[in-house]
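Trainee: A single structure is presented below for examination.
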Amino acid sequence: MTTVKNIIHELESTFPLEWQESYDNSGLQLGSLSAPVTGILYALECTEEIVQEAIEKDINLIVVHHPLIFKGLKRITTDSTIGRIVSLCVQKQISVYAAHTNLDNHIEGVNGKIADKLGLTQRKVLSEKTGNLYKLSIFCPSDSVDQVHHAVCEAGAGSIGNYYNCGFFSEGIGHFTANEKANPTVGKAHVPIASKETKMEYLSESHRLSEILSAMKSSHPYEEVAFDVLRLENNNQALGSGIIGRLPEAMNENAFLEQVKSTFGCSVIRHTALRNIPIQNIAVCGGAGSFLLQDAIRKGADVFISGDFKYHEFFEAEGKIVIADIGHYESEQFTSELLCELLRPKFPEIKMSISKLSTNPIRYV
Ligand SMILES: [Zn+2]
């Protein structure tokens with residue numbers, strides 16, 4: 001029996017909540033962790049129509065990108081849309097889960113999906129985040145290095161970009177003396193020991209640290225493990241806002257915008273003046289991405305695909321880049337596909353459906 005908790009565990013081991021912005025409210029919003037899942041409906045946001053669709057399909061878990069409950073909810077009455085949605089979900093025992101900025105902030109999240117649709121290669125995060133990387137140093141008797149290395153790497157230590165099991169080992173002498181309460185692996189009480197040890201150093205992401213430390217402790221032969229955890233100022237290459245990548249071949253600006261229009265089903269693309277040059281470097285940010293414009297210019301993007309640009313912000317292109325506002329909904333619509341592709345192989349027995357309803361509140365004439 002698959003529960004909501006099982007599904008969340010899978011979602012959050014790929015896109016942990018720690019990656020979300022401080023203002024955000026990702027995670028389980030409504031429902032129960034212990035509820036058995038009858039099916040999953042994916043949508044960009046949870047509207048009344050989406051809840052109706054879930055009811056009709058006998059689905060009791062809705063997974064969305066935009067949180068249903070974002071600001072504080074002061075009352076739940078059926079006079080407001082949000083009140084009606086919450087009431088209906090509670091009444092029908094439907095759980096609602098949102099993966100928002102934790103999904104925006106990873107190279108394989110929302111923007112990775114947009115880059116897939118555009119066929120971008122050589123992707124890099126446009127504005128990398130700092131503060132979630134740690135250096136773990138473990139002091140280990142040299143003959144136990146292999147088992148500790150295997151255990152901590154298995155738990156997620158030593159991952160750098162596309163490389164895994166990365167560590168640095170240096171040899172030295174560890175000095176210690178046990179007291180009478182100790183149960184030392186080597187030596188006995190009050191007899192100083194000098195033992196050949198290896199210092200093992202690893203990079204570790206914050207959300208994996210507690211698992212890595214418990215793997216370290218259970219694989220290490222010593223009663224007291226000597227280790228250091230230091231917070232680093234290094235950027236995390238995979239974490240941050242936006243992506244810049246390259247088209248396989250340079251394109252004409254008009255042809256590219258036409259292609260974007262058809263791929264994302266845009267009625268209109270609001271863009272700044274074309275520069276009449278072949279383009280190849282493309283920056284993307286799903287949703288409201290104007291805060292990344294200078295990063296996109298600095299990193300040499302020819303075009304910046306995003307949404308929610310305001311009138312005055314278009315002036316900031318200053319002929320250095322083409323801003324192409326394809327719409328907030330249009331840019332993020334494939335997020336449902338991303339979430340479904342993540343969970344489908346893990347839970348083949350669960351009915352899954354990507355809603356075909358557009359939840360876009362904006363209409364074009
Ligand atoms: Zn959004």
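Simple scheme: letters A, B, ... for chains in structure tokens order, numbers from 1 for residues in each chain, numbers from 1 for ligands in the order shown.
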If you run DSSP on the backbone, which residues of range 292-356 of chain A are alpha helix (DSSP H), as a PDB file with N, CA and C atoms, in the first residue's frame?
Mentor:
```
ATOM      1  N   LEU A 293      17.859  39.181 -15.064  1.00  0.00           N
ATOM      2  CA  LEU A 293      18.229  39.772 -16.350  1.00  0.00           C
ATOM      3  C   LEU A 293      19.725  40.099 -16.424  1.00  0.00           C
ATOM      4  N   GLN A 294      20.256  40.729 -15.376  1.00  0.00           N
ATOM      5  CA  GLN A 294      21.674  41.125 -15.416  1.00  0.00           C
ATOM      6  C   GLN A 294      22.588  39.895 -15.444  1.00  0.00           C
ATOM      7  N   ASP A 295      22.195  38.831 -14.746  1.00  0.00           N
ATOM      8  CA  ASP A 295      22.990  37.590 -14.795  1.00  0.00           C
ATOM      9  C   ASP A 295      22.999  37.041 -16.213  1.00  0.00           C
ATOM     10  N   ALA A 296      21.825  37.093 -16.860  1.00  0.00           N
ATOM     11  CA  ALA A 296      21.711  36.569 -18.229  1.00  0.00           C
ATOM     12  C   ALA A 296      22.599  37.380 -19.174  1.00  0.00           C
ATOM     13  N   ILE A 297      22.617  38.708 -18.996  1.00  0.00           N
ATOM     14  CA  ILE A 297      23.460  39.575 -19.853  1.00  0.00           C
ATOM     15  C   ILE A 297      24.936  39.277 -19.576  1.00  0.00           C
ATOM     16  N   ARG A 298      25.279  39.234 -18.289  1.00  0.00           N
ATOM     17  CA  ARG A 298      26.678  39.008 -17.892  1.00  0.00           C
ATOM     18  C   ARG A 298      27.210  37.673 -18.428  1.00  0.00           C
ATOM     19  N   TYR A 311       6.665  46.501 -17.764  1.00  0.00           N
ATOM     20  CA  TYR A 311       6.973  47.467 -18.831  1.00  0.00           C
ATOM     21  C   TYR A 311       8.382  48.056 -18.694  1.00  0.00           C
ATOM     22  N   HIS A 312       8.681  48.631 -17.530  1.00  0.00           N
ATOM     23  CA  HIS A 312       9.968  49.321 -17.375  1.00  0.00           C
ATOM     24  C   HIS A 312      11.149  48.362 -17.415  1.00  0.00           C
ATOM     25  N   GLU A 313      10.889  47.136 -17.033  1.00  0.00           N
ATOM     26  CA  GLU A 313      11.986  46.160 -17.037  1.00  0.00           C
ATOM     27  C   GLU A 313      12.436  45.818 -18.456  1.00  0.00           C
ATOM     28  N   PHE A 314      11.539  45.948 -19.427  1.00  0.00           N
ATOM     29  CA  PHE A 314      11.920  45.670 -20.817  1.00  0.00           C
ATOM     30  C   PHE A 314      13.010  46.635 -21.293  1.00  0.00           C
ATOM     31  N   PHE A 315      12.997  47.870 -20.755  1.00  0.00           N
ATOM     32  CA  PHE A 315      14.013  48.855 -21.158  1.00  0.00           C
ATOM     33  C   PHE A 315      15.418  48.400 -20.765  1.00  0.00           C
ATOM     34  N   HIS A 328       3.893  33.460 -17.645  1.00  0.00           N
ATOM     35  CA  HIS A 328       4.235  32.684 -16.450  1.00  0.00           C
ATOM     36  C   HIS A 328       3.740  31.234 -16.587  1.00  0.00           C
ATOM     37  N   TYR A 329       2.458  31.120 -16.911  1.00  0.00           N
ATOM     38  CA  TYR A 329       1.874  29.776 -17.055  1.00  0.00           C
ATOM     39  C   TYR A 329       2.574  29.004 -18.178  1.00  0.00           C
ATOM     40  N   GLU A 330       2.720  29.667 -19.335  1.00  0.00           N
ATOM     41  CA  GLU A 330       3.306  29.003 -20.509  1.00  0.00           C
ATOM     42  C   GLU A 330       4.699  28.473 -20.183  1.00  0.00           C
ATOM     43  N   SER A 331       5.491  29.275 -19.461  1.00  0.00           N
ATOM     44  CA  SER A 331       6.873  28.859 -19.200  1.00  0.00           C
ATOM     45  C   SER A 331       6.943  27.678 -18.235  1.00  0.00           C
ATOM     46  N   GLU A 332       5.966  27.583 -17.320  1.00  0.00           N
ATOM     47  CA  GLU A 332       6.067  26.541 -16.286  1.00  0.00           C
ATOM     48  C   GLU A 332       5.133  25.358 -16.497  1.00  0.00           C
ATOM     49  N   THR A 335       6.026  21.603 -15.926  1.00  0.00           N
ATOM     50  CA  THR A 335       6.453  21.153 -14.606  1.00  0.00           C
ATOM     51  C   THR A 335       5.678  19.903 -14.183  1.00  0.00           C
ATOM     52  N   SER A 336       4.407  19.825 -14.570  1.00  0.00           N
ATOM     53  CA  SER A 336       3.595  18.634 -14.246  1.00  0.00           C
ATOM     54  C   SER A 336       4.233  17.391 -14.866  1.00  0.00           C
ATOM     55  N   GLU A 337       4.724  17.561 -16.090  1.00  0.00           N
ATOM     56  CA  GLU A 337       5.369  16.452 -16.799  1.00  0.00           C
ATOM     57  C   GLU A 337       6.620  16.003 -16.034  1.00  0.00           C
ATOM     58  N   LEU A 338       7.385  16.991 -15.567  1.00  0.00           N
ATOM     59  CA  LEU A 338       8.616  16.710 -14.827  1.00  0.00           C
ATOM     60  C   LEU A 338       8.329  15.896 -13.565  1.00  0.00           C
ATOM     61  N   LEU A 339       7.306  16.319 -12.809  1.00  0.00           N
ATOM     62  CA  LEU A 339       6.970  15.636 -11.557  1.00  0.00           C
ATOM     63  C   LEU A 339       6.452  14.227 -11.834  1.00  0.00           C
ATOM     64  N   CYS A 340       5.658  14.094 -12.887  1.00  0.00           N
ATOM     65  CA  CYS A 340       5.121  12.785 -13.239  1.00  0.00           C
ATOM     66  C   CYS A 340       6.251  11.853 -13.690  1.00  0.00           C
ATOM     67  N   GLU A 341       7.182  12.381 -14.462  1.00  0.00           N
ATOM     68  CA  GLU A 341       8.306  11.552 -14.928  1.00  0.00           C
ATOM     69  C   GLU A 341       9.184  11.102 -13.762  1.00  0.00           C
ATOM     70  N   LEU A 342       9.225  11.912 -12.719  1.00  0.00           N
ATOM     71  CA  LEU A 342      10.012  11.543 -11.541  1.00  0.00           C
ATOM     72  C   LEU A 342       9.351  10.385 -10.782  1.00  0.00           C
ATOM     73  N   LEU A 343       8.034  10.457 -10.626  1.00  0.00           N
ATOM     74  CA  LEU A 343       7.344   9.474  -9.777  1.00  0.00           C
ATOM     75  C   LEU A 343       6.876   8.218 -10.512  1.00  0.00           C
TER      76      LEU A 343
END
```
Trainee: Quick one: everything within 10 Å of range 60-66 of chain A, counting only C-alpha atoms, minus sequence neighbours fewer than 4 positions away in the same chain. Send it as a CSV table (one decimal) with C-alpha atoms, in the first residue's frame.
Mentor:
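Wrote it out as around03.csv, contents follow:
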```
chain,number,residue,atom,x,y,z
A,3,THR,CA,0.9,6.2,1.2
A,4,VAL,CA,1.2,10.0,0.8
A,7,ILE,CA,5.3,9.7,-2.4
A,8,ILE,CA,6.6,12.7,-0.5
A,24,ASP,CA,7.9,29.9,0.1
A,25,ASN,CA,5.5,27.3,1.4
A,26,SER,CA,6.3,24.1,-0.4
A,27,GLY,CA,5.4,20.7,1.0
A,28,LEU,CA,2.3,18.9,2.0
A,30,LEU,CA,-3.5,19.5,2.9
A,31,GLY,CA,-4.3,15.9,3.8
A,32,SER,CA,-2.7,13.1,5.6
A,35,ALA,CA,-3.5,8.2,3.6
A,36,PRO,CA,-3.2,5.4,1.0
A,37,VAL,CA,-2.8,6.9,-2.4
A,38,THR,CA,-5.6,6.1,-5.0
A,39,GLY,CA,-3.9,8.1,-7.7
A,40,ILE,CA,-1.9,11.3,-8.4
A,41,LEU,CA,-3.1,14.2,-10.5
A,42,TYR,CA,-0.5,16.7,-11.6
A,43,ALA,CA,-1.2,20.4,-12.4
A,44,LEU,CA,0.6,23.7,-12.2
A,45,GLU,CA,-1.8,24.8,-9.5
A,46,CYS,CA,-4.8,23.5,-7.5
A,50,ILE,CA,-8.5,20.5,-10.8
A,51,VAL,CA,-10.1,19.2,-7.6
A,54,ALA,CA,-9.4,14.5,-9.2
A,55,ILE,CA,-12.8,13.6,-7.7
A,70,PHE,CA,0.9,30.5,0.3
A,89,CYS,CA,-10.4,18.7,-0.4
A,92,LYS,CA,-13.2,14.4,-0.1
A,93,GLN,CA,-10.0,13.5,1.8
A,94,ILE,CA,-7.8,14.8,-1.0
A,95,SER,CA,-4.2,15.6,-0.2
A,96,VAL,CA,-2.4,18.5,-1.9
A,97,TYR,CA,1.3,18.7,-2.2
A,98,ALA,CA,3.3,21.6,-3.7
A,99,ALA,CA,6.9,21.5,-5.0
A,100,HIS,CA,7.6,25.2,-5.7
A,101,THR,CA,10.9,27.0,-5.3
A,102,ASN,CA,12.7,23.8,-4.3
A,103,LEU,CA,11.9,22.8,-7.9
A,104,ASP,CA,12.8,26.2,-9.3
A,110,VAL,CA,11.5,23.6,-13.7
A,332,GLU,CA,6.1,26.5,-16.3
A,333,GLN,CA,3.4,24.3,-17.8
A,335,THR,CA,6.5,21.2,-14.6
A,336,SER,CA,3.6,18.6,-14.2
A,339,LEU,CA,7.0,15.6,-11.6
A,340,CYS,CA,5.1,12.8,-13.2
A,352,MET,CA,-1.1,9.0,-12.6
A,353,SER,CA,-2.6,11.7,-14.7
A,354,ILE,CA,-1.3,15.0,-15.9
```
Trainee: Just want the 12 Å neighbourhood of Val365 in chain A, counted on only C-alpha atoms, with same-chain residues fewer than 3 positions away dropped. Output as a compact mmCIF listing (two decimals) with C-alpha atoms, in the first residue's frame.
Mentor:
```
# COMPACT_ATOMS: atom_id res chain seq x y z
CA SER A 267 -0.75 33.14 -28.04
CA VAL A 268 1.78 35.93 -27.96
CA ILE A 362 -4.78 35.04 -18.11
```
Trainee: Name the residues in contact with Ile277 in chain A at a cut-off of 12 Å, using only C-alpha atoms, excluding same-chain residues fewer than 6 positions from it; report them as a ChimeraX atom specification.
Mentor: /A:250-256,302-303,319-322
Trainee: Please produce a file of the residues just selected, as a PDB file, in the first residue's frame, where the atoms kept are C-alpha atoms.
Mentor:
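Just written: out_3.pdb:
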```pdb
ATOM      1  CA  ALA A 250      22.900  29.075 -34.148  1.00  0.00           C
ATOM      2  CA  MET A 251      19.462  30.256 -35.255  1.00  0.00           C
ATOM      3  CA  ASN A 252      17.783  33.280 -36.678  1.00  0.00           C
ATOM      4  CA  GLU A 253      15.963  35.199 -33.915  1.00  0.00           C
ATOM      5  CA  ASN A 254      12.570  35.136 -35.638  1.00  0.00           C
ATOM      6  CA  ALA A 255      12.764  31.436 -36.367  1.00  0.00           C
ATOM      7  CA  PHE A 256      13.714  30.763 -32.739  1.00  0.00           C
ATOM      8  CA  ASP A 302      21.445  36.209 -26.620  1.00  0.00           C
ATOM      9  CA  VAL A 303      17.851  35.657 -25.545  1.00  0.00           C
ATOM     10  CA  GLY A 319      20.212  46.209 -26.848  1.00  0.00           C
ATOM     11  CA  LYS A 320      22.446  43.665 -25.103  1.00  0.00           C
ATOM     12  CA  ILE A 321      19.946  40.809 -25.076  1.00  0.00           C
ATOM     13  CA  VAL A 322      16.454  39.962 -26.325  1.00  0.00           C
TER      14      VAL A 322
END
```
Trainee: What separation in Å, quoted to one decimal, exists between CA of Ile59 in chain A and CA of Ser355 in chain A?
Mentor: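 According to the coordinates, CA of Ile59 in chain A and CA of Ser355 in chain A are separated by 11.7 Å.
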Trainee: Which is closest to ligand 1 among A:Phe304, A:Tyr163, A:Tyr222, A:Phe334, if we use only C-alpha atoms and all ligand atoms?
Mentor: A:Phe334
Trainee: Between CA of Phe309 in chain A and CA of Ile323 in chain A, measure the distance and give it in Å to one decimal.
Mentor: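 CA of Ile323 in chain A lies 8.6 Å from CA of Phe309 in chain A.
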Trainee: Quick one: residues within 6 Å of range 230-237 of chain A, only C-alpha atoms, excluding same-chain residues fewer than 4 positions away - as a PyMOL selection string?
Mentor: chain A and resi 128-131+133-135
Trainee: Take the residues from that selection and write them out as a CSV table (one decimal), in the first residue's frame, keeping C-alpha atoms.
Mentor:
```csv
chain,number,residue,atom,x,y,z
A,128,GLU,CA,24.3,29.8,-8.3
A,129,LYS,CA,23.5,29.5,-4.6
A,130,THR,CA,26.0,29.4,-1.7
A,131,GLY,CA,25.7,28.2,1.8
A,133,LEU,CA,27.8,22.9,1.0
A,134,TYR,CA,29.8,21.4,3.8
A,135,LYS,CA,33.3,19.9,4.1
```
Trainee: Residues at most 8 Å from Leu126 in chain A, counting only C-alpha atoms, excluding those fewer than 3 positions away in the same chain, as a ChimeraX atom specification?
Mentor: /A:240-244,283,292,295-296,299
Trainee: Could the residues in this selection be saved with C-alpha atoms as a compact mmCIF listing (two decimals), in the first residue's frame?
Mentor:
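Written out: out_33.txt:
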```
# COMPACT_ATOMS: atom_id res chain seq x y z
CA GLY A 240 20.27 28.34 -7.94
CA SER A 241 18.02 30.37 -10.22
CA GLY A 242 17.67 30.09 -13.98
CA ILE A 243 19.72 28.18 -16.52
CA ILE A 244 21.91 29.21 -19.43
CA ALA A 283 18.94 31.86 -20.71
CA LEU A 292 17.95 37.42 -13.37
CA ASP A 295 22.99 37.59 -14.80
CA ALA A 296 21.71 36.57 -18.23
CA LYS A 299 26.80 35.35 -18.89
```
Trainee: Measure the distance from CA of His9 in chain A to CA of Lys57 in chain A in Å and round it to one decimal.
Mentor: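 Taking CA of His9 in chain A and CA of Lys57 in chain A, their separation equals 24.0 Å.
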Trainee: With distances taken over only C-alpha atoms and all ligand atoms, which residue among A:Ala324, A:Phe169, A:Asn105, A:Glu318 lies nearest ligand 1?
Mentor: A:Asn105
Trainee: Can you list, as a PyMOL selection string, every residue of range 41-194 of chain A that DSSP puts in strand (DSSP E or B)?
Mentor: chain A and resi 41-43+61-64+95-98+106+121-130+133-141+160+163+168-176+193-194
Trainee: Let me see the file: selected residues, C-alpha atoms, as a PDB file, in the first residue's frame.
Mentor:
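This went into selection.pdb:
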```pdb
ATOM      1  CA  LEU A  41      -3.145  14.218 -10.495  1.00  0.00           C
ATOM      2  CA  TYR A  42      -0.474  16.698 -11.635  1.00  0.00           C
ATOM      3  CA  ALA A  43      -1.193  20.352 -12.421  1.00  0.00           C
ATOM      4  CA  LEU A  61      -3.421  13.229  -4.215  1.00  0.00           C
ATOM      5  CA  ILE A  62      -2.899  16.415  -6.209  1.00  0.00           C
ATOM      6  CA  VAL A  63       0.728  17.389  -6.858  1.00  0.00           C
ATOM      7  CA  VAL A  64       1.249  20.973  -8.004  1.00  0.00           C
ATOM      8  CA  SER A  95      -4.183  15.611  -0.180  1.00  0.00           C
ATOM      9  CA  VAL A  96      -2.431  18.512  -1.896  1.00  0.00           C
ATOM     10  CA  TYR A  97       1.346  18.710  -2.210  1.00  0.00           C
ATOM     11  CA  ALA A  98       3.311  21.635  -3.692  1.00  0.00           C
ATOM     12  CA  HIS A 106      17.745  23.008  -9.173  1.00  0.00           C
ATOM     13  CA  THR A 121      23.002  21.727 -24.180  1.00  0.00           C
ATOM     14  CA  GLN A 122      25.977  22.690 -21.942  1.00  0.00           C
ATOM     15  CA  ARG A 123      23.639  23.912 -19.220  1.00  0.00           C
ATOM     16  CA  LYS A 124      24.734  25.920 -16.238  1.00  0.00           C
ATOM     17  CA  VAL A 125      22.823  27.563 -13.413  1.00  0.00           C
ATOM     18  CA  LEU A 126      22.459  31.287 -14.118  1.00  0.00           C
ATOM     19  CA  SER A 127      22.771  32.456 -10.516  1.00  0.00           C
ATOM     20  CA  GLU A 128      24.301  29.805  -8.256  1.00  0.00           C
ATOM     21  CA  LYS A 129      23.493  29.530  -4.560  1.00  0.00           C
ATOM     22  CA  THR A 130      25.999  29.354  -1.742  1.00  0.00           C
ATOM     23  CA  LEU A 133      27.798  22.874   0.981  1.00  0.00           C
ATOM     24  CA  TYR A 134      29.828  21.414   3.841  1.00  0.00           C
ATOM     25  CA  LYS A 135      33.300  19.914   4.089  1.00  0.00           C
ATOM     26  CA  LEU A 136      33.364  16.715   6.122  1.00  0.00           C
ATOM     27  CA  SER A 137      36.750  15.508   7.381  1.00  0.00           C
ATOM     28  CA  ILE A 138      36.907  12.073   8.997  1.00  0.00           C
ATOM     29  CA  PHE A 139      39.915  10.692  10.873  1.00  0.00           C
ATOM     30  CA  CYS A 140      39.977   6.939  10.327  1.00  0.00           C
ATOM     31  CA  PRO A 141      42.381   4.070  11.036  1.00  0.00           C
ATOM     32  CA  ILE A 160      30.792  17.150  -7.310  1.00  0.00           C
ATOM     33  CA  TYR A 163      31.426  13.119 -10.503  1.00  0.00           C
ATOM     34  CA  PHE A 168      40.775  13.398  -0.675  1.00  0.00           C
ATOM     35  CA  PHE A 169      42.834  11.141   1.637  1.00  0.00           C
ATOM     36  CA  SER A 170      46.003  12.097   3.482  1.00  0.00           C
ATOM     37  CA  GLU A 171      48.012   9.977   5.922  1.00  0.00           C
ATOM     38  CA  GLY A 172      49.007  11.005   9.439  1.00  0.00           C
ATOM     39  CA  ILE A 173      49.311   9.892  13.031  1.00  0.00           C
ATOM     40  CA  GLY A 174      46.316  10.093  15.379  1.00  0.00           C
ATOM     41  CA  HIS A 175      47.059  10.527  19.090  1.00  0.00           C
ATOM     42  CA  PHE A 176      44.636   9.616  21.886  1.00  0.00           C
ATOM     43  CA  ILE A 193      48.321   5.663  21.640  1.00  0.00           C
ATOM     44  CA  ALA A 194      49.822   6.935  18.386  1.00  0.00           C
TER      45      ALA A 194
END
```
Trainee: Measuring atom to atom with only C-alpha atoms, identify which of A:Gly300, A:Leu118, A:Ala157, A:Arg275 is nearest to Ser210 in chain A.
Mentor: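 For Ser210 in chain A, the nearest of the given residues is A:Ala157.
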Trainee: Which of these residues is nearest to Ser13 in chain A, using only C-alpha atoms: A:Lys261, A:Arg208, A:Arg246, A:Lys71?
Mentor: A:Arg208
Trainee: Would you mind telling me which residue in A:Arg344, A:Asn276, A:Leu357, A:Leu247 lies nearest to Ala115 in chain A when using only C-alpha atoms?
Mentor: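 Once distances to Ala115 in chain A are computed over only C-alpha atoms, the minimum belongs to A:Leu247.
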Trainee: Excluding same-chain residues fewer than 3 positions from Tyr364 in chain A, what lies within 12 Å of it counting only C-alpha atoms, as an MDAnalysis selection string?
Mentor: chainID A and resid 266:269 327 360:361
Trainee: Which one of A:Pro67, A:His207, A:Gln91, A:Ile350 sits closest to ligand 1 if you count only C-alpha atoms and all ligand atoms?
Mentor: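 Looking only at the distances to ligand 1, the closest residue turns out to be A:Pro67.
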